[in-house]
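Asks: Please find one structure pasted underneath; my questions will follow.
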Amino acid sequence: MADPRFFDRAGPFTLAALARASGARVWRDADSDKLFRDVAPLETAGPDEVSFLENRKYLAAFRASRAGAAFVDLEAVGAAPPAMALLVAEAPYKAYALAAQAFYPMTPAAPGRAPSTLIDPEAIVPEDCTIGANVVIEARAKLGRRCQIGANTVIGAGVVIGDNCLIGANVTVSHALIGARVVLHPGVRVGQEGFGFAPDPAGPVKMPQLGRVVIGDDVDIGANTTIDRGSGHDTVIGAGTMIDNLVQIAHNVVLGRGCILAGQVGISGSTRLGDFVMIGGQGGLAGHLKIGTGARIAAKAGLMRDVPAGATVCGIPAVPIADFMRQTAILQRLGRKKDGR
Amino acid sequence: MADPRFFDRAGPFTLAALARASGARVWRDADSDKLFRDVAPLETAGPDEVSFLENRKYLAAFRASRAGAAFVDLEAVGAAPPAMALLVAEAPYKAYALAAQAFYPMTPAAPGRAPSTLIDPEAIVPEDCTIGANVVIEARAKLGRRCQIGANTVIGAGVVIGDNCLIGANVTVSHALIGARVVLHPGVRVGQEGFGFAPDPAGPVKMPQLGRVVIGDDVDIGANTTIDRGSGHDTVIGAGTMIDNLVQIAHNVVLGRGCILAGQVGISGSTRLGDFVMIGGQGGLAGHLKIGTGARIAAKAGLMRDVPAGATVCGIPAVPIADFMRQTAILQRLGRKKDGR
Amino acid sequence: MADPRFFDRAGPFTLAALARASGARVWRDADSDKLFRDVAPLETAGPDEVSFLENRKYLAAFRASRAGAAFVDLEAVGAAPPAMALLVAEAPYKAYALAAQAFYPMTPAAPGRAPSTLIDPEAIVPEDCTIGANVVIEARAKLGRRCQIGANTVIGAGVVIGDNCLIGANVTVSHALIGARVVLHPGVRVGQEGFGFAPDPAGPVKMPQLGRVVIGDDVDIGANTTIDRGSGHDTVIGAGTMIDNLVQIAHNVVLGRGCILAGQVGISGSTRLGDFVMIGGQGGLAGHLKIGTGARIAAKAGLMRDVPAGATVCGIPAVPIADFMRQTAILQRLGRKKDGR
């Protein structure tokens, strides 16, 4: 059960209610009126808790679990312990997420402003926002309804933020237009000058960075991630894009809708991604590339060329995944052969 | 045109004035008295805006551009649309940067101190500095003339900062001596303890970190970059060096003058770089190495050995670029051969 | 000598006192009553300063050093300059660290609270803590004795922190239980939501992140490192673990005791490390892996599979070090052969 010092729980819920909340269906002869008090991982869940199985790595834990119920797909039904009620869904992890949201609804913070908040008289901050201690909101910044801003965060002059945004503590935002329901985790930096200069024997000549950062609705940006503003064009983060911690997005980069960037990814200046592109952890992209819709770039990849829509690439320099697998296999075979093994 | 919510524009300027500001020359029969109102990228520039072409990837955009004028090199002259005036320069990007600086001059912030600033009575902060909200300046710290310090930044005891430095919001500086015209972007950490300890069966024994960070003039350090202080020697960043976001500089590292470090580079302890070394994004250097003047280390490289002056190295482990190209080509060839393609 | 603007020195000490403090022994005929005033690197140490030699890369500097004494192992004794007194230890770097601690003892800050501190009435903060300017401590947070919290740091609701912790400036902590003697360097982010969602055609469905971060005693976490809270399980950092700057630890990761993670390492969700695992700089681990006790993962490695206890792995994808060396050698040989060199 989630630590009550940090989380407030709703419920209990019947299986039937959980099925409704999650879009799953109650499997056969389960008691759909039985009450469940919480969600929990397979290893720790008890008889009045609900768990899930999706990644087959955890099949042994599933077979041994004392969970009273679990979200599963059809194929996992046969492997369930006899006492476990089943909620069957095509995407059990998603169904479990929806059930967890029912147990732990986002409770909006009470509106208000810490006394130490510094809001410029020319800034617009609706009364229903929650503004933390020592927050600085500069001239002409404009917040949407019901935004929450964490302590010690700085919102620069002219920044526009949509409704229902959650901005963590110690965040810095400048030169940015941000949509609705955007989440910025602690330590995020948005809108600072990009890395732009012309090399010169007398020392680098700085290029004024005259663009903005434009962030669509429903974007989530991880802790200590940095997103530079454009140099002329804007830096754009498409709606619904999820960005993990410590990611670097350089100036003029354009991410489409629904992209997923894992931790420590880096994207160099002016590279453009289509929609639904996925990049694994620590992947790096050179500048001025075009990445097609639905492309997948493996963790650790070093990308030097454009990638067509739907392709999967791996390696340094990155190549199509089939080539990468073959290169890796050959290299391993050669290594063994030369040694006569 | 740059968003007036974020940027104040000067001008308009004649072609002749832009040529003077940038060191370019007006090409042949252009009307050097025509007024230009702004700089803009090729794709969006209109008839009273100035753009540029340097990277040939954008040649198609150049041919199709409606820009009234553009900075180009001699070879690009022939490709220009007929209505476009040309400003010819050996380094068009640099010339454009100087023109952009003319349109968007850095306007110094009004001197002053936010009421919530906490400046130790023993600190020295000239009256012409601009000190943001909630800034903390500890005992005996000493700022130069006309420094700007962003909100929620902490300047530790004894730190010395030169004239005309720009320090962003949410920055932390300790144990450091910083030159003039240095820029620290938001979230930079300078001067904290390095990663120094002696392994021991009873638990690591921490080595007191007794050095400083010494930063030369005209250095630029990107958002959320971390620079640890030396353990005995100092950590040194040479004058004119440009460091991008999320870079890690360990204790005792010495960077020469005019180095360029792209995003997410990491340099391990006690490694020393000569002048004008370039490191591509996500490059990593082992500790205790010597990198000669003008060496170039590719993006994603993993460097385990010293690099002579002027060399270019790639790969993991990093090898001279010719070797890397050959290795990559052979591997790709073998991959194809084994499959009979 | 360490800059007195930043460091307060104790001493002087006799060789005999330094030998006692460090567990080393005075070599033969040295004058054990002579006074030493400081520790210093080999290159700069003078006749009344103590240095050390451990890494043989610095043997030339050792031979040329003017240091009055040095910590060395037995094999280095013969290489010492004639005027240098020797302190012999099995682990000279550790002995030097202990001597340096004697010269530069950690002086606890004077207890107190800056007037701008915001401590919730329901938080527990002992009187002997030192709380910096603009620090925010939220409801029901509980600090141990003698903790120091740097300026502009935010400690979230319900967080528990043990005795004698040192938390730097501009840090954010939430949803965490932290042991004693833990050090969080500036800009650390602990306890924010992990990167958890179920992909869905209608947009990602966020998984409530219901776990905590549990940090053992004597852990050290580098600047701007991010540690997400668990999603159901906790994220756990074992006692005595040392983590460098800009490291990413995803939700549900478990690190054993005494692990060492160099800069910019990234560990994906639910991966579990045994005790005393070492990971080199920029190493990356996929999710849901098990890494055995004492395993070593090379810098830059990309780990896709479990690693048995005691193994050393390198490369992308990571393989046992012997395989990696062979692959690298073969590739280099082939490269040369094909060119007839």
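Ordering of the structure tokens sets the chain letters (A, B, ...); residue numbers start at 1 within each chain; ligands are numbered from 1 in the order shown.
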Compile the contact shell of Asp48 (chain A) as a VMD selection string: residues with an atom at most 6 Å away, counting only C-alpha atoms, same-chain residues fewer than 2 positions apart removed.

Replies: chain A and resid 36 to 37 46 68

Asks: Apply DSSP to the backbone of this structure and, from region 220-289 of chain C, keep only the residues in strand (DSSP E); write these as an NGL selection string.

Replies: :C and (220-221 or 226-227 or 235-237 or 242-243 or 248-249 or 254-255 or 260-261 or 266-267 or 272-273 or 278-279 or 284-285)

Asks: Please, which residues of chain A lie no more than 8 Å from chain B when the count uses only C-alpha atoms, and can they be set out as a PyMOL selection string?

Replies: chain A and resi 118+134+136+152-154+157-158+170-172+175+187+189+192-193+195+197-200+203-208+210-212+224+226+232-233+246+248+266+268+284+302+316+323+326-327+330-331

Asks: Quick one: residues within 8 Å of Ala85 (chain C), only C-alpha atoms counted, chain neighbours fewer than 2 positions away excluded, as a ChimeraX atom specification?

Replies: /C:26-27,30-31,68-70,83,87

Asks: Output the selection as a PDB file, in the first residue's frame - N, CA, C and O atoms for each residue.

Replies:
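Final output, saved to out-v8.pdb:
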ATOM      1  N   VAL C  26      55.834   5.819   9.496  1.00  0.00           N
ATOM      2  CA  VAL C  26      56.937   6.680   9.071  1.00  0.00           C
ATOM      3  C   VAL C  26      58.080   5.788   8.619  1.00  0.00           C
ATOM      4  O   VAL C  26      58.457   4.840   9.306  1.00  0.00           O
ATOM      5  N   TRP C  27      58.598   6.067   7.442  1.00  0.00           N
ATOM      6  CA  TRP C  27      59.637   5.232   6.850  1.00  0.00           C
ATOM      7  C   TRP C  27      60.990   5.572   7.468  1.00  0.00           C
ATOM      8  O   TRP C  27      61.403   6.716   7.484  1.00  0.00           O
ATOM      9  N   ALA C  30      63.233   9.049   8.849  1.00  0.00           N
ATOM     10  CA  ALA C  30      62.648  10.384   8.722  1.00  0.00           C
ATOM     11  C   ALA C  30      62.523  11.029  10.110  1.00  0.00           C
ATOM     12  O   ALA C  30      62.369  10.345  11.119  1.00  0.00           O
ATOM     13  N   ASP C  31      62.594  12.352  10.123  1.00  0.00           N
ATOM     14  CA  ASP C  31      62.454  13.110  11.371  1.00  0.00           C
ATOM     15  C   ASP C  31      60.969  13.180  11.729  1.00  0.00           C
ATOM     16  O   ASP C  31      60.223  13.986  11.191  1.00  0.00           O
ATOM     17  N   GLY C  68      57.854  17.891   1.152  1.00  0.00           N
ATOM     18  CA  GLY C  68      58.649  17.471   2.296  1.00  0.00           C
ATOM     19  C   GLY C  68      58.389  16.030   2.689  1.00  0.00           C
ATOM     20  O   GLY C  68      59.268  15.358   3.244  1.00  0.00           O
ATOM     21  N   ALA C  69      57.197  15.543   2.403  1.00  0.00           N
ATOM     22  CA  ALA C  69      56.859  14.152   2.705  1.00  0.00           C
ATOM     23  C   ALA C  69      55.793  13.692   1.728  1.00  0.00           C
ATOM     24  O   ALA C  69      55.124  14.512   1.080  1.00  0.00           O
ATOM     25  N   ALA C  70      55.655  12.372   1.609  1.00  0.00           N
ATOM     26  CA  ALA C  70      54.602  11.844   0.741  1.00  0.00           C
ATOM     27  C   ALA C  70      54.138  10.492   1.257  1.00  0.00           C
ATOM     28  O   ALA C  70      54.926   9.719   1.816  1.00  0.00           O
ATOM     29  N   ALA C  83      65.415  14.000  -0.381  1.00  0.00           N
ATOM     30  CA  ALA C  83      65.035  14.839   0.760  1.00  0.00           C
ATOM     31  C   ALA C  83      63.612  14.585   1.247  1.00  0.00           C
ATOM     32  O   ALA C  83      63.160  15.197   2.211  1.00  0.00           O
ATOM     33  N   LEU C  87      55.767   8.336   4.166  1.00  0.00           N
ATOM     34  CA  LEU C  87      54.759   7.697   5.014  1.00  0.00           C
ATOM     35  C   LEU C  87      54.237   6.510   4.209  1.00  0.00           C
ATOM     36  O   LEU C  87      53.601   6.701   3.167  1.00  0.00           O
TER      37      LEU C  87
END

Asks: I'd like the neighbourhood of region 177-181 of chain A as an mmCIF file with all heavy atoms, in the first residue's frame, where a residue qualifies if any of its atoms comes within 10 Å (using only C-alpha atoms), though same-chain residues fewer than 4 positions away should be ignored.

Replies:
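The result, written out as result_34.cif:
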data_model
loop_
_atom_site.group_PDB
_atom_site.id
_atom_site.type_symbol
_atom_site.label_atom_id
_atom_site.label_comp_id
_atom_site.auth_asym_id
_atom_site.auth_seq_id
_atom_site.Cartn_x
_atom_site.Cartn_y
_atom_site.Cartn_z
ATOM 1 N N ALA A 141 3.911 37.907 -17.844
ATOM 2 C CA ALA A 141 3.650 36.469 -17.903
ATOM 3 C C ALA A 141 2.165 36.254 -17.649
ATOM 4 O O ALA A 141 1.511 37.033 -16.964
ATOM 5 C CB ALA A 141 4.485 35.736 -16.860
ATOM 6 N N LYS A 142 1.632 35.154 -18.226
ATOM 7 C CA LYS A 142 0.192 34.927 -18.157
ATOM 8 C C LYS A 142 -0.066 33.448 -17.899
ATOM 9 O O LYS A 142 0.275 32.600 -18.729
ATOM 10 C CB LYS A 142 -0.437 35.350 -19.487
ATOM 11 C CG LYS A 142 -1.938 35.310 -19.468
ATOM 12 C CD LYS A 142 -2.520 35.758 -20.803
ATOM 13 C CE LYS A 142 -4.004 35.407 -20.823
ATOM 14 N NZ LYS A 142 -4.569 35.430 -22.157
ATOM 15 N N LEU A 143 -0.639 33.140 -16.770
ATOM 16 C CA LEU A 143 -0.941 31.748 -16.424
ATOM 17 C C LEU A 143 -2.392 31.437 -16.713
ATOM 18 O O LEU A 143 -3.265 32.304 -16.580
ATOM 19 C CB LEU A 143 -0.679 31.495 -14.939
ATOM 20 C CG LEU A 143 0.738 31.035 -14.572
ATOM 21 C CD1 LEU A 143 1.773 32.058 -14.959
ATOM 22 C CD2 LEU A 143 0.829 30.715 -13.081
ATOM 23 N N GLY A 144 -2.656 30.156 -17.066
ATOM 24 C CA GLY A 144 -4.024 29.696 -17.248
ATOM 25 C C GLY A 144 -4.688 29.392 -15.912
ATOM 26 O O GLY A 144 -4.116 29.601 -14.839
ATOM 27 N N ARG A 145 -5.907 28.855 -16.015
ATOM 28 C CA ARG A 145 -6.673 28.513 -14.818
ATOM 29 C C ARG A 145 -6.070 27.296 -14.130
ATOM 30 O O ARG A 145 -5.560 26.389 -14.765
ATOM 31 C CB ARG A 145 -8.129 28.184 -15.205
ATOM 32 C CG ARG A 145 -8.841 29.272 -16.003
ATOM 33 C CD ARG A 145 -9.150 30.490 -15.168
ATOM 34 N NE ARG A 145 -9.932 30.118 -13.985
ATOM 35 C CZ ARG A 145 -11.271 30.051 -13.964
ATOM 36 N NH1 ARG A 145 -11.959 30.336 -15.036
ATOM 37 N NH2 ARG A 145 -11.890 29.699 -12.855
ATOM 38 N N ARG A 146 -6.154 27.306 -12.809
ATOM 39 C CA ARG A 146 -5.811 26.136 -11.978
ATOM 40 C C ARG A 146 -4.380 25.619 -12.173
ATOM 41 O O ARG A 146 -4.123 24.432 -12.016
ATOM 42 C CB ARG A 146 -6.797 24.991 -12.235
ATOM 43 C CG ARG A 146 -8.220 25.254 -11.766
ATOM 44 C CD ARG A 146 -9.174 24.196 -12.261
ATOM 45 N NE ARG A 146 -9.207 24.128 -13.698
ATOM 46 C CZ ARG A 146 -9.912 24.954 -14.487
ATOM 47 N NH1 ARG A 146 -10.685 25.892 -13.963
ATOM 48 N NH2 ARG A 146 -9.836 24.837 -15.796
ATOM 49 N N CYS A 147 -3.460 26.489 -12.530
ATOM 50 C CA CYS A 147 -2.060 26.055 -12.603
ATOM 51 C C CYS A 147 -1.477 25.933 -11.196
ATOM 52 O O CYS A 147 -1.841 26.674 -10.287
ATOM 53 C CB CYS A 147 -1.229 27.057 -13.404
ATOM 54 S SG CYS A 147 -1.558 26.995 -15.168
ATOM 55 N N GLY A 158 6.716 37.637 -20.052
ATOM 56 C CA GLY A 158 6.013 37.351 -21.289
ATOM 57 C C GLY A 158 5.623 35.904 -21.510
ATOM 58 O O GLY A 158 4.929 35.593 -22.479
ATOM 59 N N VAL A 159 6.042 35.007 -20.642
ATOM 60 C CA VAL A 159 5.720 33.584 -20.829
ATOM 61 C C VAL A 159 4.211 33.370 -20.724
ATOM 62 O O VAL A 159 3.549 33.975 -19.882
ATOM 63 C CB VAL A 159 6.459 32.728 -19.770
ATOM 64 C CG1 VAL A 159 5.901 31.306 -19.717
ATOM 65 C CG2 VAL A 159 7.959 32.724 -20.056
ATOM 66 N N VAL A 160 3.678 32.497 -21.579
ATOM 67 C CA VAL A 160 2.253 32.160 -21.549
ATOM 68 C C VAL A 160 2.101 30.680 -21.210
ATOM 69 O O VAL A 160 2.751 29.831 -21.842
ATOM 70 C CB VAL A 160 1.594 32.456 -22.907
ATOM 71 C CG1 VAL A 160 0.130 32.033 -22.902
ATOM 72 C CG2 VAL A 160 1.729 33.938 -23.244
ATOM 73 N N ILE A 161 1.285 30.372 -20.232
ATOM 74 C CA ILE A 161 1.081 28.994 -19.771
ATOM 75 C C ILE A 161 -0.412 28.696 -19.777
ATOM 76 O O ILE A 161 -1.203 29.501 -19.297
ATOM 77 C CB ILE A 161 1.676 28.824 -18.350
ATOM 78 C CG1 ILE A 161 3.195 29.074 -18.387
ATOM 79 C CG2 ILE A 161 1.354 27.452 -17.771
ATOM 80 C CD1 ILE A 161 3.885 28.965 -17.048
ATOM 81 N N GLY A 162 -0.786 27.521 -20.331
ATOM 82 C CA GLY A 162 -2.195 27.162 -20.460
ATOM 83 C C GLY A 162 -2.827 26.704 -19.148
ATOM 84 O O GLY A 162 -2.198 26.737 -18.084
ATOM 85 N N ASP A 163 -4.066 26.223 -19.245
ATOM 86 C CA ASP A 163 -4.806 25.786 -18.056
ATOM 87 C C ASP A 163 -4.241 24.477 -17.505
ATOM 88 O O ASP A 163 -3.720 23.640 -18.236
ATOM 89 C CB ASP A 163 -6.276 25.537 -18.413
ATOM 90 C CG ASP A 163 -7.000 26.811 -18.797
ATOM 91 O OD1 ASP A 163 -6.528 27.913 -18.434
ATOM 92 O OD2 ASP A 163 -8.040 26.704 -19.476
ATOM 93 N N ASN A 164 -4.396 24.332 -16.187
ATOM 94 C CA ASN A 164 -4.142 23.048 -15.524
ATOM 95 C C ASN A 164 -2.720 22.523 -15.699
ATOM 96 O O ASN A 164 -2.507 21.314 -15.754
ATOM 97 C CB ASN A 164 -5.136 21.986 -16.030
ATOM 98 C CG ASN A 164 -6.566 22.353 -15.693
ATOM 99 O OD1 ASN A 164 -6.908 22.499 -14.528
ATOM 100 N ND2 ASN A 164 -7.391 22.536 -16.704
ATOM 101 N N CYS A 165 -1.776 23.424 -15.783
ATOM 102 C CA CYS A 165 -0.379 22.976 -15.838
ATOM 103 C C CYS A 165 0.160 22.747 -14.430
ATOM 104 O O CYS A 165 -0.231 23.412 -13.472
ATOM 105 C CB CYS A 165 0.491 24.011 -16.559
ATOM 106 S SG CYS A 165 0.184 24.051 -18.335
ATOM 107 N N LEU A 166 1.076 21.768 -14.343
ATOM 108 C CA LEU A 166 1.746 21.463 -13.079
ATOM 109 C C LEU A 166 3.230 21.737 -13.275
ATOM 110 O O LEU A 166 3.898 21.017 -14.020
ATOM 111 C CB LEU A 166 1.592 19.983 -12.739
ATOM 112 C CG LEU A 166 0.235 19.520 -12.265
ATOM 113 C CD1 LEU A 166 0.242 17.996 -12.113
ATOM 114 C CD2 LEU A 166 -0.084 20.164 -10.916
ATOM 115 N N ILE A 167 3.721 22.746 -12.600
ATOM 116 C CA ILE A 167 5.135 23.098 -12.749
ATOM 117 C C ILE A 167 5.796 22.882 -11.400
ATOM 118 O O ILE A 167 5.344 23.404 -10.380
ATOM 119 C CB ILE A 167 5.261 24.541 -13.257
ATOM 120 C CG1 ILE A 167 4.617 24.608 -14.653
ATOM 121 C CG2 ILE A 167 6.715 24.990 -13.287
ATOM 122 C CD1 ILE A 167 4.761 25.905 -15.361
ATOM 123 N N VAL A 173 11.566 28.971 -16.491
ATOM 124 C CA VAL A 173 10.931 29.059 -17.811
ATOM 125 C C VAL A 173 11.076 30.486 -18.326
ATOM 126 O O VAL A 173 10.768 31.438 -17.608
ATOM 127 C CB VAL A 173 9.423 28.714 -17.747
ATOM 128 C CG1 VAL A 173 8.803 28.791 -19.142
ATOM 129 C CG2 VAL A 173 9.191 27.349 -17.126
ATOM 130 N N GLY A 191 13.687 27.513 -22.373
ATOM 131 C CA GLY A 191 13.693 28.834 -22.988
ATOM 132 C C GLY A 191 14.985 29.617 -22.905
ATOM 133 O O GLY A 191 15.065 30.724 -23.446
ATOM 134 N N ARG A 212 11.508 31.090 -29.768
ATOM 135 C CA ARG A 212 10.828 30.757 -28.514
ATOM 136 C C ARG A 212 10.833 29.241 -28.338
ATOM 137 O O ARG A 212 11.326 28.508 -29.188
ATOM 138 C CB ARG A 212 9.371 31.247 -28.586
ATOM 139 C CG ARG A 212 9.251 32.709 -28.967
ATOM 140 C CD ARG A 212 7.850 33.072 -29.383
ATOM 141 N NE ARG A 212 7.438 32.301 -30.548
ATOM 142 C CZ ARG A 212 6.286 32.444 -31.179
ATOM 143 N NH1 ARG A 212 5.393 33.342 -30.752
ATOM 144 N NH2 ARG A 212 5.983 31.705 -32.214
ATOM 145 N N VAL A 213 10.287 28.780 -27.241
ATOM 146 C CA VAL A 213 9.924 27.375 -27.092
ATOM 147 C C VAL A 213 8.404 27.322 -27.101
ATOM 148 O O VAL A 213 7.754 28.024 -26.320
ATOM 149 C CB VAL A 213 10.460 26.769 -25.779
ATOM 150 C CG1 VAL A 213 9.992 25.322 -25.639
ATOM 151 C CG2 VAL A 213 11.983 26.854 -25.725
ATOM 152 N N VAL A 214 7.856 26.493 -27.994
ATOM 153 C CA VAL A 214 6.402 26.345 -28.082
ATOM 154 C C VAL A 214 6.073 24.902 -27.703
ATOM 155 O O VAL A 214 6.509 23.961 -28.378
ATOM 156 C CB VAL A 214 5.902 26.669 -29.500
ATOM 157 C CG1 VAL A 214 4.398 26.472 -29.587
ATOM 158 C CG2 VAL A 214 6.296 28.093 -29.883
ATOM 159 N N ILE A 215 5.344 24.732 -26.628
ATOM 160 C CA ILE A 215 5.048 23.401 -26.090
ATOM 161 C C ILE A 215 3.552 23.142 -26.200
ATOM 162 O O ILE A 215 2.746 23.952 -25.732
ATOM 163 C CB ILE A 215 5.509 23.297 -24.619
ATOM 164 C CG1 ILE A 215 7.035 23.510 -24.525
ATOM 165 C CG2 ILE A 215 5.100 21.963 -23.998
ATOM 166 C CD1 ILE A 215 7.595 23.445 -23.124
ATOM 167 N N GLY A 216 3.190 22.015 -26.838
ATOM 168 C CA GLY A 216 1.784 21.682 -27.041
ATOM 169 C C GLY A 216 1.091 21.205 -25.766
ATOM 170 O O GLY A 216 1.707 21.100 -24.695
ATOM 171 N N ASP A 217 -0.168 20.877 -25.883
ATOM 172 C CA ASP A 217 -0.945 20.371 -24.746
ATOM 173 C C ASP A 217 -0.439 18.993 -24.315
ATOM 174 O O ASP A 217 0.073 18.221 -25.126
ATOM 175 C CB ASP A 217 -2.427 20.217 -25.143
ATOM 176 C CG ASP A 217 -3.082 21.549 -25.465
ATOM 177 O OD1 ASP A 217 -2.573 22.607 -25.032
ATOM 178 O OD2 ASP A 217 -4.110 21.526 -26.176
ATOM 179 N N ASP A 218 -0.630 18.694 -23.035
ATOM 180 C CA ASP A 218 -0.425 17.333 -22.510
ATOM 181 C C ASP A 218 1.013 16.842 -22.645
ATOM 182 O O ASP A 218 1.260 15.635 -22.720
ATOM 183 C CB ASP A 218 -1.373 16.341 -23.205
ATOM 184 C CG ASP A 218 -2.822 16.699 -22.982
ATOM 185 O OD1 ASP A 218 -3.254 16.712 -21.820
ATOM 186 O OD2 ASP A 218 -3.531 17.001 -23.959
ATOM 187 N N VAL A 219 1.952 17.757 -22.658
ATOM 188 C CA VAL A 219 3.365 17.379 -22.699
ATOM 189 C C VAL A 219 3.873 17.194 -21.273
ATOM 190 O O VAL A 219 3.446 17.895 -20.356
ATOM 191 C CB VAL A 219 4.181 18.453 -23.453
ATOM 192 C CG1 VAL A 219 5.679 18.281 -23.237
ATOM 193 C CG2 VAL A 219 3.844 18.419 -24.940
ATOM 194 N N ASP A 220 4.794 16.241 -21.094
ATOM 195 C CA ASP A 220 5.371 15.944 -19.775
ATOM 196 C C ASP A 220 6.892 16.006 -19.935
ATOM 197 O O ASP A 220 7.433 15.324 -20.800
ATOM 198 C CB ASP A 220 4.921 14.533 -19.381
ATOM 199 C CG ASP A 220 5.050 14.244 -17.912
ATOM 200 O OD1 ASP A 220 6.198 14.187 -17.439
ATOM 201 O OD2 ASP A 220 4.015 14.070 -17.246
ATOM 202 N N VAL A 236 10.009 23.453 -30.926
ATOM 203 C CA VAL A 236 8.602 23.050 -30.801
ATOM 204 C C VAL A 236 8.520 21.649 -30.204
ATOM 205 O O VAL A 236 9.207 20.725 -30.666
ATOM 206 C CB VAL A 236 7.911 23.057 -32.178
ATOM 207 C CG1 VAL A 236 6.462 22.604 -32.067
ATOM 208 C CG2 VAL A 236 7.995 24.445 -32.807
ATOM 209 N N ILE A 237 7.677 21.487 -29.200
ATOM 210 C CA ILE A 237 7.416 20.171 -28.606
ATOM 211 C C ILE A 237 5.948 19.864 -28.852
ATOM 212 O O ILE A 237 5.066 20.537 -28.317
ATOM 213 C CB ILE A 237 7.694 20.179 -27.084
ATOM 214 C CG1 ILE A 237 9.057 20.821 -26.757
ATOM 215 C CG2 ILE A 237 7.563 18.767 -26.518
ATOM 216 C CD1 ILE A 237 10.250 20.068 -27.255
ATOM 217 N N GLY A 238 5.685 18.821 -29.685
ATOM 218 C CA GLY A 238 4.313 18.526 -30.082
ATOM 219 C C GLY A 238 3.449 18.004 -28.938
ATOM 220 O O GLY A 238 3.960 17.446 -27.954
ATOM 221 N N ALA A 239 2.149 18.140 -29.105
ATOM 222 C CA ALA A 239 1.194 17.744 -28.062
ATOM 223 C C ALA A 239 1.366 16.275 -27.697
ATOM 224 O O ALA A 239 1.635 15.427 -28.552
ATOM 225 C CB ALA A 239 -0.227 17.991 -28.560
ATOM 226 N N GLY A 240 1.215 15.981 -26.426
ATOM 227 C CA GLY A 240 1.238 14.602 -25.963
ATOM 228 C C GLY A 240 2.611 13.968 -25.923
ATOM 229 O O GLY A 240 2.733 12.774 -25.641
#

Asks: Among the residues of region 57-256 of chain B, find those DSSP assigns to helix (DSSP H, G or I) from the backbone and print them as a JSON list (two decimals) with C-alpha atoms, in the first residue's frame.

Replies:
[["chain", "number", "residue", "atom", "x", "y", "z"],
["B", 57, "LYS", "CA", 21.43, 21.61, -46.67],
["B", 58, "TYR", "CA", 19.31, 24.73, -46.92],
["B", 59, "LEU", "CA", 20.08, 25.55, -50.56],
["B", 60, "ALA", "CA", 16.55, 24.71, -51.70],
["B", 61, "ALA", "CA", 15.11, 26.98, -49.02],
["B", 62, "PHE", "CA", 17.53, 29.67, -50.19],
["B", 63, "ARG", "CA", 16.42, 29.41, -53.80],
["B", 74, "LEU", "CA", 30.84, 33.92, -53.08],
["B", 75, "GLU", "CA", 29.88, 30.46, -54.30],
["B", 76, "ALA", "CA", 26.25, 30.92, -53.32],
["B", 77, "VAL", "CA", 25.83, 34.13, -55.29],
["B", 78, "GLY", "CA", 24.72, 32.36, -58.44],
["B", 79, "ALA", "CA", 21.96, 30.45, -56.68],
["B", 92, "PRO", "CA", 28.04, 34.34, -43.76],
["B", 93, "TYR", "CA", 26.82, 32.88, -40.47],
["B", 94, "LYS", "CA", 29.17, 35.11, -38.51],
["B", 95, "ALA", "CA", 28.16, 38.15, -40.56],
["B", 96, "TYR", "CA", 24.49, 37.33, -39.98],
["B", 97, "ALA", "CA", 25.18, 37.00, -36.24],
["B", 98, "LEU", "CA", 26.67, 40.50, -36.20],
["B", 99, "ALA", "CA", 23.67, 41.87, -38.11],
["B", 100, "ALA", "CA", 21.33, 40.12, -35.68],
["B", 101, "GLN", "CA", 23.23, 41.73, -32.82],
["B", 102, "ALA", "CA", 22.59, 45.10, -34.42],
["B", 103, "PHE", "CA", 18.84, 44.44, -34.62]]

Asks: When you look at Ala110 (chain B) with a cut-off of 10 Å (counting only C-alpha atoms), what residues show up, excluding the ones that are within fewer than 4 positions of it in the same chain? I need them as an NGL selection string.

Replies: :B and (128-131 or 146 or 148)
